[in-house]
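Asker: Quick one: the structure is below, questions incoming.
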Amino acid sequence: MTRTPEFPRPTRRTVLRGAAGALLALPFLESLAPRTAAGQSAAAPKRFIVLKSFSTQLVKAWYPSFSGNGYQLHDAKYSGSKADGTTLLSQKLVAGKNYTWAPLTDLKTSSGLSGILGASLNPFLPKLTLIRGLDFLPAVNHNYGGLLGNFSSCTAATPCDADSLKDVPTIDQVMAYSSKFYPNTPALRYLHLSQGVTDSMSYSDLGMPGSQVQQLKARANPLDAFNDLFGTAPAGNSTAPNPDRDKLLIDRVHDDYVKLKQNSRLSAADKALVDQYATLVSELEAKLSVKPMLACTPPAQPMSLANNTGLDPKDISTKWDLYLDLVTAAIMCDRTRIITLGVHKSLGPGPDSSDPTLVGHYHSEDASGGTWHGLAHDFSNDNSRRMLQGINAWIAENVFAKLLGKLDVTETGDSTYLDNSLVYWGNELGFNHIAYSVPCVLAGSAGGFIQPGRYLDYIDWDGRSYFSQEDGNVIQGIPHNQFLVTALQAMGLSPSDYERDGQPGYGSTSVSGRADDTWAVDYDLSTVGQILPGIQG
């Protein structure tokens with residue numbers, strides 16, 4: 001949180017800091033929460049969970065290359081770069097547009113949907129939505145928050161034209177401070193998790209439109225995340241903070257705000273701002289005193305695994321398993337309904353194609369050597385491409401699919417926690433350093449808002465191919481902004497809750513820096529405020 005001279009506030013780290021511990025977490029069990037919690041309403045709450053992977057993507061490896069049973073490849077209809085070896089879809093999604101679709105089960109093989117979406121996801125195909133053709137309109141490079149709507153967030157090492165745009169809260173933060181998403185003050189508005197890089201994909205104005213937008217930090221230690229969700233270590237642990245002392249600190253700060261509000265020199269606008277900050281402090285106080293739901297049994301307290309850039313496979317896999325247990329517990333115990341996971345560390349194949357041993361990979365701004373980022377820059381090297389595909393395939397199987405399995409258990413009636421959620425696996429880029437056709441996989445239906453089980457292709461394959469490289473084409477798709485609108489409305493928000501400055505939709509539609517003879521820029525912006533066509537069936 002930002003600390004200013006006018007409003008000095010304790011940071012989240014100060015009041016919710018983690019305590020050291022050495023207990024190994026037990027595997028998370030479905031029985032940790034009963035099927036129906038006491039006092040639970042008939043309609044289950046919705047949740048928004050985001051998984052982000054990084055760097056250049058092998059776009060063709062994300063999508064099916066199935067032929068037979070009436071399906072053929074793009075190669076059968078197109079020549080040149082459009083003959084990319086992926087499956088041609090023929091069923092029209094909506095009238096008047098070249099958008100197409102197919103049931104995912106039609107394209108399933110024993111090895112999965114594609115080179116990245118492997119067999120571990122086959123059981124979940126009826127609950128997945130695979131999307132091709134989402135385009136970032138602003139010209140970005142490596143970035144933090146583009147997939148959630150803040151395009152002005154390129155990394156320091158790769159500045160971009162979009163950096164000149166105004167920062168806006170990412171959609172998870174719009175949800176976090178909406179009374180429609182959280183009718184009552186939650187124990188924790190959001191939880192950001194990461195391995196390695198603590199700068200999250202999330203940007204927030206803390207629910208105060210017009211105030212400074214700041215990048216939020218992610219928890220990189222499972223114990224810190226556990227303490228955020230379920231409280232600090234037991235009293236017998238000498239390293240645990242004194243909750244009464246922390247609560248007293250919050251009380252003193254709150255009293256300072258009350259006194260400040262009584263200052264006769266404050267304008268009406270400043271008094272309103274003080275009220276907003278006082279509300280935030282009250283929420284922090286509530287987090288120190290709130291107890292886990294009686295109907296919920298938290299998981300075992302995890303060990304403390306400090307953040308590092310090490311690539312030990314056991315450390316990477318252990319931390320991801322702990323994170324997934326915590327995410328599941330947070331959802332089932334209703335401690336928070338918004339979670340983001342930045343996948344900066346992964347396992348994947350090593351440089352020797354004859355050695356099946358998995359090794360650790362780390363993604364950072366440094367693109368040198370054999371790093372994950374470095375592999376992505378080695379575009380023409382078949383071995384680097386094999387390793388890059390393997391990294392993403394490992395994420396699909398050992399992070400995404402495992403998370404879906406933990407959430408796909410009965411919550412109410414015939415619906416599961418997964419059914420009532422929207423789980424979004426997105427990326428910072430498409431092919432090369434180009435944010436066209438950025439891969440997107442959704443899981444769950446957000447309580448029936450989305451019709452899952454389909455592959456939706458929004459690329460105008462009959463349109464112009466501006467240029468191509470080994471991993472993809474620049475062919476016009478659909479603005480990523482329409483996905484942002486889809487997610488916001490799926491979570492119960494309406495345009496009046498998120499639209500700004502009289503502009504429809506969410507997120508910038510600027511194409512500044514992209515010449516129309518090189519890039520697809522002529523999008524139909526009359527529909528940019530609408531949800532993705534055909535996504536509701």
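Just so we're on the same page: first chain in the structure tokens is A, next is B, and so on; residues restart at 1 for each chain, and ligands are numbered from 1 in the order they show up.
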Could you give me, as a tab-separated table, a per-residue list for stretch 98-161 of chain A showing, wherever an atom lies at most 10 Å from an atom of stretch 532-537 of chain A, the closest pair of atoms and their distance in Å to one decimal, using only C-alpha atoms and sorting by chain then residue number from low to high?

Answerer:
```
residue	atom	partner	partner_atom	distance
A:Tyr99	CA	A:Pro533	CA	8.4
A:Thr100	CA	A:Gly534	CA	9.5
A:Trp101	CA	A:Gly534	CA	9.2
A:Thr129	CA	A:Ile535	CA	8.7
A:Ile131	CA	A:Ile535	CA	9.7
A:Leu134	CA	A:Leu532	CA	9.8
```

Asker: Show me, as a count of residues only, the residues that have an atom within 12 Å of A:Asp161 when counting only C-alpha atoms, minus same-chain residues fewer than 2 positions from it.

Answerer: 23

Asker: Which polymer residues have any atom within 12 Å of an atom of A:Lys82, counting only C-alpha atoms, with same-chain residues fewer than 2 positions away left out, as a ChimeraX atom specification?

Answerer: /A:60,73-80,84-88,459-475

Asker: Keeping only N, CA and C atoms, write the selected residues to a file as a compact mmCIF listing (two decimals), in the first residue's frame.

Answerer:
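Final output, saved to out_20.txt:
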```
# COMPACT_ATOMS: atom_id res chain seq x y z
N LYS A 60 0.78 -22.24 -32.02
CA LYS A 60 0.23 -23.41 -32.70
C LYS A 60 0.21 -24.64 -31.79
N LEU A 73 -7.45 -29.71 -41.52
CA LEU A 73 -6.52 -28.68 -41.08
C LEU A 73 -6.67 -27.43 -41.94
N HIS A 74 -6.17 -26.31 -41.42
CA HIS A 74 -6.16 -25.08 -42.21
C HIS A 74 -5.42 -25.28 -43.55
N ASP A 75 -4.50 -26.22 -43.55
CA ASP A 75 -3.71 -26.49 -44.76
C ASP A 75 -4.59 -26.91 -45.94
N ALA A 76 -5.75 -27.50 -45.64
CA ALA A 76 -6.61 -27.97 -46.71
C ALA A 76 -7.34 -26.83 -47.42
N LYS A 77 -7.43 -25.68 -46.78
CA LYS A 77 -8.16 -24.55 -47.36
C LYS A 77 -7.24 -23.39 -47.72
N TYR A 78 -6.16 -23.22 -46.95
CA TYR A 78 -5.30 -22.06 -47.13
C TYR A 78 -3.89 -22.49 -47.51
N SER A 79 -3.15 -21.53 -48.06
CA SER A 79 -1.74 -21.75 -48.38
C SER A 79 -0.90 -20.76 -47.59
N GLY A 80 0.38 -20.88 -47.73
CA GLY A 80 1.27 -19.95 -47.04
C GLY A 80 1.19 -20.07 -45.54
N ASP A 84 -1.22 -23.56 -41.15
CA ASP A 84 -0.35 -23.65 -39.97
C ASP A 84 -0.44 -24.99 -39.26
N GLY A 85 -1.17 -25.96 -39.82
CA GLY A 85 -1.24 -27.29 -39.21
C GLY A 85 -2.22 -27.42 -38.07
N THR A 86 -3.02 -26.38 -37.82
CA THR A 86 -4.03 -26.48 -36.76
C THR A 86 -5.39 -26.74 -37.37
N THR A 87 -6.34 -27.14 -36.54
CA THR A 87 -7.65 -27.58 -37.01
C THR A 87 -8.49 -26.41 -37.50
N LEU A 88 -9.08 -26.58 -38.66
CA LEU A 88 -10.00 -25.61 -39.23
C LEU A 88 -11.39 -25.87 -38.66
N ILE A 459 -10.59 -15.56 -34.93
CA ILE A 459 -9.72 -15.06 -36.00
C ILE A 459 -10.49 -15.03 -37.32
N ASP A 460 -10.31 -13.94 -38.06
CA ASP A 460 -10.90 -13.84 -39.40
C ASP A 460 -9.93 -14.48 -40.39
N TRP A 461 -10.00 -15.79 -40.52
CA TRP A 461 -9.03 -16.52 -41.34
C TRP A 461 -9.13 -16.14 -42.82
N ASP A 462 -10.28 -15.63 -43.25
CA ASP A 462 -10.41 -15.20 -44.64
C ASP A 462 -9.89 -13.78 -44.85
N GLY A 463 -9.50 -13.13 -43.77
CA GLY A 463 -8.99 -11.78 -43.87
C GLY A 463 -7.50 -11.74 -44.18
N ARG A 464 -6.94 -10.56 -44.08
CA ARG A 464 -5.55 -10.35 -44.46
C ARG A 464 -4.60 -10.91 -43.41
N SER A 465 -3.56 -11.57 -43.87
CA SER A 465 -2.46 -11.97 -43.01
C SER A 465 -1.37 -10.91 -43.17
N TYR A 466 -1.18 -10.10 -42.13
CA TYR A 466 -0.27 -8.97 -42.24
C TYR A 466 1.18 -9.43 -42.29
N PHE A 467 1.57 -10.28 -41.39
CA PHE A 467 2.87 -10.92 -41.48
C PHE A 467 2.86 -12.14 -40.58
N SER A 468 3.81 -12.99 -40.77
CA SER A 468 3.86 -14.22 -39.98
C SER A 468 5.30 -14.49 -39.57
N GLN A 469 5.41 -15.28 -38.53
CA GLN A 469 6.70 -15.80 -38.11
C GLN A 469 6.50 -17.27 -37.79
N GLU A 470 7.52 -17.89 -37.29
CA GLU A 470 7.47 -19.34 -37.14
C GLU A 470 6.32 -19.82 -36.26
N ASP A 471 5.91 -18.97 -35.31
CA ASP A 471 4.92 -19.42 -34.33
C ASP A 471 3.51 -18.87 -34.55
N GLY A 472 3.31 -17.99 -35.53
CA GLY A 472 1.97 -17.48 -35.70
C GLY A 472 1.84 -16.41 -36.76
N ASN A 473 0.60 -15.93 -36.92
CA ASN A 473 0.25 -14.91 -37.90
C ASN A 473 -0.36 -13.71 -37.22
N VAL A 474 -0.18 -12.53 -37.79
CA VAL A 474 -0.97 -11.38 -37.40
C VAL A 474 -2.15 -11.32 -38.36
N ILE A 475 -3.27 -11.86 -37.91
CA ILE A 475 -4.54 -11.81 -38.62
C ILE A 475 -5.55 -11.27 -37.62
```

Asker: Pick out the residues sitting within 6 Å of A:Tyr203, and hand them over as a list in words; count only C-alpha atoms, and ignore anything fewer than 3 positions along from it in its own chain.

Answerer: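 Surrounding residues, per the criterion: Pro169, Thr170, Gln214, Gln215 and Leu216 of chain A.
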
Asker: Leaving out A:Pro495 and any residue of its chain fewer than 2 positions from it, which residues lie within 9 Å of it when counting only C-alpha atoms, given as a list in words?

Answerer: Val485, Leu488, Gln489, Leu493, Asp497, Tyr498, Glu499, Pro504, Gly505, Tyr506 and Gly529 of chain A

Asker: Applying 7 Å and only C-alpha atoms, which residues near stretch 365-381 of chain A remain after dropping the ones on its own chain fewer than 4 positions away? List them as a PDB file with C-alpha atoms, in the first residue's frame.

Answerer:
```
ATOM      1  CA  SER A  55       6.974 -14.896 -22.460  1.00  0.00           C
ATOM      2  CA  THR A  56       6.620 -15.821 -26.093  1.00  0.00           C
ATOM      3  CA  ALA A 157      13.510  -4.023 -19.392  1.00  0.00           C
ATOM      4  CA  HIS A 361      12.961 -23.022 -15.203  1.00  0.00           C
ATOM      5  CA  ARG A 385      11.115 -24.730 -28.771  1.00  0.00           C
ATOM      6  CA  LEU A 388       9.424 -24.066 -24.105  1.00  0.00           C
TER       7      LEU A 388
END
```

Asker: Here is a test: counting only C-alpha atoms, which residue of A:Arg454, A:His192, A:Lys402, A:Lys92 is nearest to A:Ser120?

Answerer: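 Looking only at the distances to A:Ser120, the closest residue turns out to be A:Lys402.
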
Asker: Identify, with DSSP run on backbone atoms, the residues in stretch 144-229 of chain A assigned to strand (DSSP E), and express the list as a PDB file with N, CA and C atoms, in the first residue's frame.

Answerer:
```pdb
ATOM      1  N   LEU A 191      -6.073 -12.406  -2.993  1.00  0.00           N
ATOM      2  CA  LEU A 191      -4.814 -13.055  -2.638  1.00  0.00           C
ATOM      3  C   LEU A 191      -3.990 -13.203  -3.903  1.00  0.00           C
ATOM      4  N   HIS A 192      -2.758 -12.698  -3.877  1.00  0.00           N
ATOM      5  CA  HIS A 192      -1.856 -12.811  -5.013  1.00  0.00           C
ATOM      6  C   HIS A 192      -0.690 -13.714  -4.628  1.00  0.00           C
ATOM      7  N   LEU A 193      -0.445 -14.725  -5.440  1.00  0.00           N
ATOM      8  CA  LEU A 193       0.614 -15.692  -5.178  1.00  0.00           C
ATOM      9  C   LEU A 193       1.585 -15.728  -6.352  1.00  0.00           C
ATOM     10  N   SER A 194       2.843 -16.005  -6.063  1.00  0.00           N
ATOM     11  CA  SER A 194       3.847 -16.074  -7.114  1.00  0.00           C
ATOM     12  C   SER A 194       5.032 -16.886  -6.621  1.00  0.00           C
ATOM     13  N   ASP A 199       6.247  -8.772  -7.882  1.00  0.00           N
ATOM     14  CA  ASP A 199       5.351  -7.820  -8.544  1.00  0.00           C
ATOM     15  C   ASP A 199       4.218  -8.606  -9.185  1.00  0.00           C
ATOM     16  N   SER A 200       2.995  -8.326  -8.771  1.00  0.00           N
ATOM     17  CA  SER A 200       1.866  -9.118  -9.252  1.00  0.00           C
ATOM     18  C   SER A 200       1.333  -8.562 -10.572  1.00  0.00           C
ATOM     19  N   MET A 201       0.345  -9.250 -11.133  1.00  0.00           N
ATOM     20  CA  MET A 201      -0.335  -8.814 -12.353  1.00  0.00           C
ATOM     21  C   MET A 201      -1.459  -7.847 -12.038  1.00  0.00           C
ATOM     22  N   SER A 202      -1.629  -7.505 -10.765  1.00  0.00           N
ATOM     23  CA  SER A 202      -2.797  -6.767 -10.297  1.00  0.00           C
ATOM     24  C   SER A 202      -2.445  -5.322  -9.973  1.00  0.00           C
ATOM     25  N   TYR A 203      -3.303  -4.399 -10.448  1.00  0.00           N
ATOM     26  CA  TYR A 203      -3.160  -2.968 -10.194  1.00  0.00           C
ATOM     27  C   TYR A 203      -4.452  -2.457  -9.557  1.00  0.00           C
ATOM     28  N   SER A 204      -4.320  -1.597  -8.543  1.00  0.00           N
ATOM     29  CA  SER A 204      -5.497  -1.228  -7.758  1.00  0.00           C
ATOM     30  C   SER A 204      -5.512   0.252  -7.405  1.00  0.00           C
ATOM     31  N   GLN A 214      -1.851   1.628  -8.154  1.00  0.00           N
ATOM     32  CA  GLN A 214      -0.577   1.060  -7.743  1.00  0.00           C
ATOM     33  C   GLN A 214      -0.530  -0.433  -8.043  1.00  0.00           C
ATOM     34  N   GLN A 215       0.666  -0.916  -8.345  1.00  0.00           N
ATOM     35  CA  GLN A 215       0.857  -2.344  -8.571  1.00  0.00           C
ATOM     36  C   GLN A 215       0.943  -3.049  -7.224  1.00  0.00           C
ATOM     37  N   LEU A 216       0.173  -4.110  -7.069  1.00  0.00           N
ATOM     38  CA  LEU A 216       0.151  -4.840  -5.810  1.00  0.00           C
ATOM     39  C   LEU A 216       1.241  -5.908  -5.799  1.00  0.00           C
ATOM     40  N   LYS A 217       1.610  -6.321  -4.610  1.00  0.00           N
ATOM     41  CA  LYS A 217       2.639  -7.339  -4.433  1.00  0.00           C
ATOM     42  C   LYS A 217       2.002  -8.716  -4.247  1.00  0.00           C
TER      43      LYS A 217
END
```

Asker: Mind the document's chain letters and residue numbers, and return as an MDAnalysis selection string the residues of stretch 343-456 of chain A that DSSP labels alpha helix (DSSP H).

Answerer: chainID A and resid 372:377 382:395 401:407

Asker: Residues at most 7 Å from A:Phe136, counting only C-alpha atoms, excluding those fewer than 5 positions away in the same chain, as a PDB file with C-alpha atoms, in the first residue's frame?

Answerer:
```
ATOM      1  CA  ALA A 435       0.167  -9.705 -28.311  1.00  0.00           C
ATOM      2  CA  TYR A 436      -2.081 -10.941 -31.103  1.00  0.00           C
ATOM      3  CA  PRO A 479     -10.338  -7.090 -29.001  1.00  0.00           C
ATOM      4  CA  HIS A 480      -9.206  -8.606 -25.717  1.00  0.00           C
TER       5      HIS A 480
END
```

Asker: Just checking: using only C-alpha atoms, which residue out of A:Thr340, A:Ser415, A:Ser90, A:Ser110 ends up closest to A:Asp172?

Answerer: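 Distance minimum relative to A:Asp172 lands on A:Thr340.
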
Asker: What does the structure give for the distance between atom CA of A:Lys127 and atom CA of A:Ser445, in Å to one decimal?

Answerer: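 Going from atom CA of A:Lys127 over to atom CA of A:Ser445 covers 7.1 Å.
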